[in-house]
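Student: If you scroll down you'll find the structure; I have some questions about it.
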Amino acid sequence: MGKTLFKDIFREIKKSFSRFLAILAIIAISIAFFVGINMTCPDMKITADKYYKDNKLMDFHLVSSVGFNKDDIDSIKKVSGISGIMPSYSIDAMIYSEDTSYVVKVHSLPNIINENYINRVSLLSGRLPEKSGECVIEKNNLENINLLIGTKIKLTSGNSSNILDNITTNEFIVVGIVQSPLYISKEKGTSAIGNGKVSTYMFIPESDFKLPVYNGIYITSSDVQESFAFTNDYDLKIDSLRKSLENVAIERSNIRYNEIKSESIKLLQIKENEFKKMQESFNASAKYLTNDQKKDILLNFTNAEKVIQDAKNEINSIPKVIWHVLDRNTNIGYVDYGNAADRMDAISKVFPIIFVIVAILVCFTSIGRLVDEQRSYIGIMKALGYSKRFIVLKYLIYASLASLTGGIIGILIGFTLFPSFLANAYSALYTLPKLILKVDSTFAILVMIVAVLVTSSSAVIVCYETLMQNASSLMIAKAPKPGKTILLERIPFIWRRLKFTHKVTARNLFRYKSRFFMTVIGIAGCSALLLVGFALKDSIGTIGIKQFGEIYKYQMTININDNLSKDENVNIANTISNIPNYESKLNLLSKSINIRLGSKESNCNIIVPEDINAINSYIALHDRVSQKEYELTDVGVILTEKLSNKIGAKIGDEIYIKNGESEEYKVKLIGITENYLLHYLYMSPSLYEKLYKIKPAYNQIDVKLTNLENDKKYSISKNIVSSKGVASVSFSDDMLEKFSETIDSVNSAVLILIVSAALLSFIVLYTLTNINISERMREIATIKVLGFYEKEVSNYVYRENLILTLIGSLFGLLLGFYLAKFVIITSEVEILMFGRDIYLISYIISVILTLIFSWFVNIVLLKKIKNINMVEALKTVE
Amino acid sequence: MSTFIDFSDIKKTYKLGDIEIHAVNGVNFSIEKGEFAIIAGASGAGKSTVLNILGGMDTADGGKFYVDGIEISKFNQKELTTYRRNDIGFVFQFYNLVPNLNSLENVELATEICKNSFDPKIILEQVGLSDRLYNFPSQLSGGEQQRVSIARALAKNPKLLLCDEPTGALDDITGKAILKLLQDTCRSTGMTVIVITHNLAITPMADKVIKMKNGKVESITINETPTPVERIEW
Ligand SMILES: Nc1ncnc2c1ncn2[C@@H]1O[C@H](COP(=O)(O)OP(=O)(O)OP(=O)(O)O)[C@@H](O)[C@H]1O
Ligand SMILES: [Mg+2]
C-alpha cells in the first residue's frame, strides 16, 4: 500500500512538474534569502575576527603628546592583563610622482617575531625587509604611480622639517607586498601633511627610525583571546585593561611633564649661570674696554636677558603631557567594517518576512489547485473506504517533498552563495581574506522545520475542506464559478463606457477573489522590495551630496592649533586670503563635548562661529522637512537632527552641556538642523563666553572658494600647511568622493533586492497565471474557436494580469515606503543619518521593473496558451 | 446550386504509441450552398473529426477540401483563425458558454471581433431569449444555454454553421425546438448548416444525409423533400 502511494505521488509530481517546481522554488528562494542574509553579518565578522586573531590586531593603541621613553614602556609592561606590547615608530611622509603626491604612513616593522609582535603583516609577495633601506608596502592602486617590488621610493617630509631627522635614509626599495590588519579599509585616516588624507602605508625596519622616543605603543589584552571582535563580550572584557592603562597614563604623563619641566629648568639654569659668569668677567674687565665695545657688549647682554626671559616664559607654558588610550574603535577599518556588517543585519530583519508570506501564499494556491483537480480521485478513494488521514497523506507528502528539496537547495545556496555575493560587495572597500562561510546547523534545521511545517500544514488545511464533502458529490466535477453581476456594473456611467473586453476583465478580476488577493500581495511584495532597494540607494547615496554640497557650503576646512599667537593667526589669515579664487572665510571653534538630556548622553562637537550672521552661508542651519532657516542667537543652541533624536530632545527643551566631570551648563534648544554626518551643537560666541567664562579659541577656518580646480588643490593645501600652526587642510569635495565609495556597496545590496524581487514576482505570477490558464482552458479554447487571434487571446487572459500587477505595485509602493523607512533607520550607523527622501524616479522604476517582470512571465506562459488544443479542451465534459 | 463544400480524400490519423488510429480515412463529399446537411454515424465513426477539420479547428493529414472555392486545407494557423472568425459558426454539445459572461455578453464576445456581425440583441430575440439577456449561463437551462450558443454562432453571420450534437444534452422537446431553430435559420438566411447527430430519426429533416462508418463515408442520401422538424416523431 505504501508503495502504491509513493508511486502515485511521484506520478503526480511528474504530471504537474511546474507546480511542484514552483513550490520547491519559492521555498528554496525564501530560505536561501533568509539564511543568506542572516549569515552574511556573522560570516563577515567571523572572517575579520579570524584575520585579526591570526595577525594579532592590537586591542589598545597608546599615543602621547611627547612620545614614549623606556621608563614609560617599563611601567606599562608591569600592568597585568597584557599579553603583548609593541612600542613602535611611525611618521607621515610624502611620495611624489610627476604631478601628484600621496601621503604615506611609514610604520616600523619589528625584527623579532614573538608574542610582542602586534599588528602582524601578511606577506602577499616578495619578502620582508632584511636590511636598512628596504621596505614592504601595501598592494597599491594609486593613480599615476605604480609601486611594485623593486621600485625605489623616495620619501619627503611634506613640510618644512627635514625627513632625515626622523629616519636614517629616505630612499627605500620595495622588497615585498604586505597587508596590515590596521588597514582593512580603503580609508586610512587623516594626516597633517599633503592633502590631509593617508593614501597608503609602508613598513620599514625599526632600526631605520632615529626618533628619540617611540610614538606609539600597541598592546594586546590577554582577557579577550577567546572573545570575538565586534561583540559585546569583547567590549566588556577589554574594559579592565583599559582602566589599568588609563591609570598608568595619568601617572606617567604627570611624571613625564615634570621631567620635561625640570629638564628645561636645568638647561635654563646652565644658561643663566653662563650668563652670570660672562657678566662677572665683563665687570672685571670693563675698565680695559673702550666705550663702543662696552655698548656692544651691553646690547648683547640685554638680548641674552631677553632670551632667558623667553625661555622662562616657555617653561611656564610647557603644555601638559597627554596620553591617549585608544582601542579598536579608533581604527577606521575595524569600525567601518563592523558597521557594514551590521547594516546587512538590519536588512536581514525585514526582507525574509515578505518571502515567507509569499511562500505561504504560493503553497496554498498550488496545493489548493492540486486538490481541486483531484476531487474525483479523492471521491473515489473515499468511496473505496480509505480514511481521510490516508488521503491527506498523499498531499502532505507531496508538499513536504517539495519543501524539503526546496529547503535543502535553499540552505545550500543560503549558506554559500548569498553571503559570498553580499560580502563581495564590500570587497572593493575592505581588504580581507576570503569570506569564511559558517554553517550554523541548528539554524539550518530550524529553518527547515518551519518550511516543512508551513507547506505541509497548508496542504492539510486545503485538503480538509474538500475531504469534508461526501464521496458522491466529490465525484461530480466542481462546477465552474458562476458569473455574477459585479459592483462596477451598478455604476452604469463607468460600465457603459468600458470596452467589451474590459468588462470581461473586470468581471474576471472580481470573480476570483482569492487569486486577486494573492497576486496583489505577491506583486506588492515585489514592488516593495524594489522600492526599498532604490530607496536605500537614494538615502545612502545622497548623504555625501547633501552634507558636502547643500549643508556645507564652503569648499575647504583648515584646522589650526589651539593657542596660536596673534602673529601666527594673522599670518595664516594672510596665506588664506592669498589663495587664488578665495572668496571668504569664517573662523570657528570646534571641540568635542558631551551633552545630556535626562539620562541620555551623547558625545558631539560644539561649533562656535565667530560671526553668527555669516554661519548660514557656510553651514546651512535649517529644518529638514520645512527647509525653514534657523538663526543662531544667544537664546540657545541648535542641535543636528540625529543628535537631538539620540538624546530625545525637542525644540524648546532644556539640555545640559557637560564641562568636565562635575560641571554642567543648562541651555535651551532653539533649533534642530538637517545633518547627515557626525553630531554637532551650534552655539553663538557670546553664549559660549557666558557659559564657559572664556572667549572661544577659534581652531577651525571654513573657507569659501569660487571655482576650485581639482589639480590646484594640492598646491593650495601645501601652501597653507606650510604656515606655522596649521594642523590640516581638507576639501569638501574630497569628503564627498569618500562618500561616493560607500554607494558601491549599496549598489550590490540593491542588485540583490532586484534579483529577488524578480524571482518573487516570477514565481507568484507564474503560479497564479498558470492556475488561471488551467482553470480556464475551456474558455480559452472557446474564444479560439470563435476566431480570436493569438494576440487577442493572450490579451484576453493577460489584461487581468496587467491590472493586478498595477494594483499590486501601487500597494507595493505604499508598503515599500514604510519598509524603506524602517530599513533605513535601522541600518543607520551611529554617526550617520541616512537621507530620508525617496526620489520619484525610484517609485517609477520600481513599478516599471515590476511590469517588466510580469511581462516576462506572460511571455513564458504564452506557449501554454498557444498550445491549448481546441478540440481536446472542448471534448471534455464540464 | 453550386458546390459550396468539397471534401476529397480527407484523412486524419492519430498515433498512440505504435498503433495508428485512422479517425478519418479518406472522406469524400460535397455540400451545396444553403443546404441543411446531417452527418450521422456510430460513436467513433469520425464525425466530429470531420466537422473539426471543416471548421478549421483541426487540420487534416491528407486530402484537400474547399469551402466556397477556396482551398482551406492548405491554410496555416493564422489563416485558419481568420477563417473561423469570419466564416464559421460553431455550436457544441456542451454549449461552451463563458460562465462569467451573461447571455448578451457571450454573444457579444463573438460579434466583437467580426466585421459583418448582427446585432446581438436581435439575434437573442430571434432565438427566443429576449428576456434572458442579462442572465449568466448558470442561471439558464440547458436548452436556453444552447440557444445562447446558437445565437453566438449566428450573430457572426457565418457562411457555415457547424453543430456537433447540439441536442445531445437536451430532452426531446427542447432538442426539437433547437433543431427547428437551426432549420429555420437555414431556410430563412440561406446559411449552410451541418449538424452531427446520433439520432437517425431526425435525418428526414435534412437536405443531405452523410452517413459515416469507421472513418469513411458509408452513404450520402439526398432528400428532395425534407420534413419539417415538427412532423418528425422520435
Ligand atoms: N486525440 C485523439 N487521440 C487519439 N484518438 C482520437 C483522438 N481524437 C479522436 N480519436 C479517435 O478518432 C476516432 C474518431 O473520433 P470522433 O470524435 O471523430 O468520433 P465521433 O464520430 O465524433 O464519435 P462520437 O459520436 O462518439 O462523438 C475515434 O476512434 C477516436 O477514438
Ligand atoms: Mg463526436
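Starting from 1 in every chain, residues are counted up; chains themselves are A, B, ... following the order of the C-alpha cells, and ligands are numbered from 1 as listed.
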Neighbours of Ile222 in chain B within 12 Å (only C-alpha atoms; same-chain residues fewer than 5 positions away dropped), as number ranges by chain?
Tutor: B: 29-32, 35-38, 203-211
Student: Got a sec to pull out which chain B residues are within 7 Å of chain A, counting only C-alpha atoms, and send them as a list of chain:residue names?
Tutor: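 Result, ordered by chain then number: B:Met57, B:Thr81, B:Thr82, B:Arg84, B:Arg85, B:Asn96, B:Val98, B:Pro99, B:Asn100, B:Leu101, B:Ala110, B:Phe136, B:Ser138.
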Student: Can you tell me, as a list in words, what residues are no more than 7 Å from Ser590 in chain A when counting only C-alpha atoms, ignoring any on the same chain fewer than 5 positions away?
Tutor: Asn605, Ile606, Ile607, Val608, Asn699 and Gln700 of chain A
Student: Give me the chain B side of the contact with ligand 1, cut-off 6 Å, one line per residue showing its nearest atom pair and distance in Å at one decimal, counting only C-alpha atoms and all ligand atoms, sorted by chain and residue number, as a Markdown table.
Tutor:
| residue | atom | partner | partner_atom_place_in_ligand_line | distance |
| --- | --- | --- | --- | --- |
| B:Tyr14 | CA | ligand 1 | 4 (C) | 5.0 |
| B:Ala23 | CA | ligand 1 | 12 (O) | 3.8 |
| B:Ala42 | CA | ligand 1 | 25 (O) | 5.8 |
| B:Ser43 | CA | ligand 1 | 25 (O) | 3.5 |
| B:Gly44 | CA | ligand 1 | 19 (O) | 3.5 |
| B:Ala45 | CA | ligand 1 | 21 (O) | 3.8 |
| B:Gly46 | CA | ligand 1 | 18 (O) | 3.1 |
| B:Lys47 | CA | ligand 1 | 21 (O) | 3.8 |
| B:Ser48 | CA | ligand 1 | 22 (O) | 3.7 |
| B:Thr49 | CA | ligand 1 | 18 (O) | 3.8 |
Student: Would you mind exporting the chosen residues as an mmCIF file, in the first residue's frame, restricted to N, CA and C atoms?
Tutor:
data_model
loop_
_atom_site.group_PDB
_atom_site.id
_atom_site.type_symbol
_atom_site.label_atom_id
_atom_site.label_comp_id
_atom_site.auth_asym_id
_atom_site.auth_seq_id
_atom_site.Cartn_x
_atom_site.Cartn_y
_atom_site.Cartn_z
ATOM 1 N N TYR B 14 -4.372 9.349 -35.913
ATOM 2 C CA TYR B 14 -3.744 9.571 -34.603
ATOM 3 C C TYR B 14 -2.786 8.451 -34.336
ATOM 4 N N ALA B 23 -8.752 7.955 -37.716
ATOM 5 C CA ALA B 23 -10.025 8.533 -37.290
ATOM 6 C C ALA B 23 -10.847 8.900 -38.514
ATOM 7 N N ALA B 42 -22.125 5.929 -36.106
ATOM 8 C CA ALA B 42 -21.917 5.413 -34.768
ATOM 9 C C ALA B 42 -20.838 6.217 -34.054
ATOM 10 N N SER B 43 -20.806 6.003 -32.757
ATOM 11 C CA SER B 43 -19.785 6.670 -31.966
ATOM 12 C C SER B 43 -18.407 6.230 -32.437
ATOM 13 N N GLY B 44 -17.512 7.160 -32.602
ATOM 14 C CA GLY B 44 -16.158 6.824 -33.026
ATOM 15 C C GLY B 44 -16.015 6.719 -34.523
ATOM 16 N N ALA B 45 -17.085 7.044 -35.259
ATOM 17 C CA ALA B 45 -17.038 6.906 -36.710
ATOM 18 C C ALA B 45 -16.181 7.992 -37.352
ATOM 19 N N GLY B 46 -15.951 9.061 -36.643
ATOM 20 C CA GLY B 46 -15.102 10.130 -37.175
ATOM 21 C C GLY B 46 -15.860 11.384 -37.538
ATOM 22 N N LYS B 47 -17.104 11.479 -37.076
ATOM 23 C CA LYS B 47 -17.946 12.629 -37.434
ATOM 24 C C LYS B 47 -17.360 13.935 -36.910
ATOM 25 N N SER B 48 -17.038 13.922 -35.603
ATOM 26 C CA SER B 48 -16.528 15.158 -35.001
ATOM 27 C C SER B 48 -15.231 15.572 -35.659
ATOM 28 N N THR B 49 -14.413 14.591 -35.951
ATOM 29 C CA THR B 49 -13.129 14.901 -36.573
ATOM 30 C C THR B 49 -13.343 15.610 -37.896
#
Student: Which value, in Å to one decimal, gives the distance between CA of Gly150 in chain A and CA of Gly176 in chain A?
Tutor: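 So the two atoms, CA of Gly150 in chain A and CA of Gly176 in chain A, lie 8.5 Å apart.
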Student: Quick one: residues within 10 Å of Arg328 in chain A, only C-alpha atoms, excluding same-chain residues fewer than 6 positions away - as a PyMOL selection string?
Tutor: chain A and resi 57-61+182+229-230+235+334-335
Student: Could the residues in this selection be saved with all heavy atoms as a compact mmCIF listing (two decimals), in the first residue's frame?
Tutor:
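After the write, part.txt holds the following:
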# COMPACT_ATOMS: atom_id res chain seq x y z
N LEU A 57 45.84 41.72 15.82
CA LEU A 57 45.48 43.14 15.82
C LEU A 57 45.53 43.66 17.24
O LEU A 57 45.12 42.97 18.18
CB LEU A 57 44.08 43.35 15.25
CG LEU A 57 43.60 44.81 15.23
CD1 LEU A 57 44.35 45.61 14.17
CD2 LEU A 57 42.10 44.91 15.00
N MET A 58 46.00 44.88 17.41
CA MET A 58 46.10 45.45 18.75
C MET A 58 44.72 45.57 19.39
O MET A 58 43.72 45.71 18.69
CB MET A 58 46.78 46.81 18.68
CG MET A 58 45.86 48.00 18.60
SD MET A 58 45.19 48.32 16.98
CE MET A 58 44.12 49.70 17.32
N ASP A 59 44.70 45.50 20.70
CA ASP A 59 43.47 45.85 21.42
C ASP A 59 43.52 47.29 21.87
O ASP A 59 42.50 47.95 21.94
CB ASP A 59 43.29 44.91 22.62
CG ASP A 59 43.03 43.49 22.18
OD1 ASP A 59 42.10 43.29 21.37
OD2 ASP A 59 43.77 42.58 22.61
N PHE A 60 44.74 47.73 22.17
CA PHE A 60 44.90 49.14 22.55
C PHE A 60 46.06 49.75 21.81
O PHE A 60 47.03 49.09 21.46
CB PHE A 60 45.13 49.28 24.06
CG PHE A 60 43.90 48.97 24.84
CD1 PHE A 60 43.77 47.76 25.52
CD2 PHE A 60 42.85 49.88 24.89
CE1 PHE A 60 42.63 47.47 26.22
CE2 PHE A 60 41.70 49.59 25.60
CZ PHE A 60 41.59 48.38 26.26
N HIS A 61 45.93 51.02 21.59
CA HIS A 61 46.99 51.79 20.94
C HIS A 61 47.19 53.03 21.80
O HIS A 61 46.28 53.82 21.97
CB HIS A 61 46.54 52.15 19.53
CG HIS A 61 47.54 52.99 18.79
ND1 HIS A 61 47.20 53.83 17.76
CD2 HIS A 61 48.87 53.11 18.93
CE1 HIS A 61 48.28 54.42 17.30
NE2 HIS A 61 49.31 54.00 18.00
N LEU A 182 45.86 46.68 10.42
CA LEU A 182 45.48 48.04 10.83
C LEU A 182 44.68 48.74 9.75
O LEU A 182 43.98 49.70 10.00
CB LEU A 182 46.73 48.86 11.12
CG LEU A 182 47.44 48.62 12.43
CD1 LEU A 182 48.71 49.46 12.48
CD2 LEU A 182 46.55 48.96 13.61
N ALA A 229 35.73 39.58 17.99
CA ALA A 229 35.72 41.01 17.71
C ALA A 229 34.30 41.45 17.39
O ALA A 229 33.50 40.66 16.94
CB ALA A 229 36.63 41.28 16.51
N PHE A 230 34.00 42.69 17.63
CA PHE A 230 32.71 43.32 17.35
C PHE A 230 31.61 42.90 18.32
O PHE A 230 30.47 43.31 18.15
CB PHE A 230 32.19 43.03 15.93
CG PHE A 230 33.17 43.30 14.84
CD1 PHE A 230 33.82 42.26 14.19
CD2 PHE A 230 33.46 44.60 14.45
CE1 PHE A 230 34.72 42.50 13.18
CE2 PHE A 230 34.37 44.85 13.44
CZ PHE A 230 35.00 43.81 12.79
N ASP A 235 33.80 43.93 24.12
CA ASP A 235 33.80 45.27 24.69
C ASP A 235 33.86 45.24 26.21
O ASP A 235 34.50 46.08 26.84
CB ASP A 235 32.53 46.03 24.25
CG ASP A 235 32.61 46.37 22.76
OD1 ASP A 235 33.74 46.31 22.21
OD2 ASP A 235 31.56 46.67 22.16
N TYR A 334 38.34 48.76 11.34
CA TYR A 334 37.56 47.97 12.29
C TYR A 334 36.13 48.51 12.40
O TYR A 334 35.16 47.77 12.31
CB TYR A 334 38.26 48.01 13.64
CG TYR A 334 37.62 47.18 14.73
CD1 TYR A 334 37.96 45.84 14.90
CD2 TYR A 334 36.69 47.73 15.60
CE1 TYR A 334 37.39 45.08 15.90
CE2 TYR A 334 36.11 46.98 16.61
CZ TYR A 334 36.47 45.65 16.75
OH TYR A 334 35.90 44.91 17.74
N VAL A 335 36.03 49.81 12.57
CA VAL A 335 34.72 50.42 12.79
C VAL A 335 33.86 50.35 11.53
O VAL A 335 32.71 49.90 11.57
CB VAL A 335 34.89 51.89 13.24
CG1 VAL A 335 33.54 52.58 13.33
CG2 VAL A 335 35.62 51.94 14.56
Student: Give me the residues near Asn86 in chain B as an MDAnalysis selection string, where near means some atom within 7 Å (using only C-alpha atoms) and where sequence neighbours in that chain fewer than 3 positions away do not count.
Tutor: chainID B and resid 82:83 114 158
Student: Going by DSSP on the backbone, which residues of range 2-207 of chain B come out as helix (DSSP H, G or I)? List them as a PyMOL selection string.
Tutor: chain B and resi 47-54+72-74+77-87+103-111+120-126+130-132+137-139+142-155+172-189+200-205
Student: For Ile72 in chain B, please output as a PyMOL selection string all residues within 12 Å (counting only C-alpha atoms; exclusion window: fewer than 3 positions along the same chain).
Tutor: chain B and resi 5-8+10+53-60+63-69+75-84+87
Student: Report, in Å to a single decimal, how far apart CA of Val462 in chain A and CA of Lys388 in chain A are.
Tutor: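 Separation between CA of Lys388 in chain A and CA of Val462 in chain A: 13.0 Å.
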Student: What separation in Å, quoted to one decimal, exists between CA of Tyr430 in chain A and CA of Phe739 in chain A?
Tutor: 14.6 Å
Student: Hey, what's within 6 Å of range 102-107 of chain B if we count only C-alpha atoms and toss same-chain stuff fewer than 2 positions away? As a PyMOL selection string, please?
Tutor: chain B and resi 109-110+120+133-136+152
Student: Pull the strand (DSSP E or B) assignments for range 246-369 of chain A out of DSSP run on the backbone, and list those residues as number ranges by chain.
Tutor: A: 323-327
Student: Can I get the selected residues back with C-alpha atoms, as a PDB file, in the first residue's frame?
Tutor:
ATOM      1  CA  TRP A 323      48.361  60.183  26.876  1.00  0.00           C
ATOM      2  CA  HIS A 324      45.509  58.682  24.923  1.00  0.00           C
ATOM      3  CA  VAL A 325      44.407  55.113  25.443  1.00  0.00           C
ATOM      4  CA  LEU A 326      42.828  54.248  22.111  1.00  0.00           C
ATOM      5  CA  ASP A 327      41.026  50.993  21.409  1.00  0.00           C
TER       6      ASP A 327
END
Student: Could you check which of B:Ile150, B:Val27, B:Leu140, B:Met212 is closest to ligand 2, using only C-alpha atoms and all ligand atoms?
Tutor: B:Met212
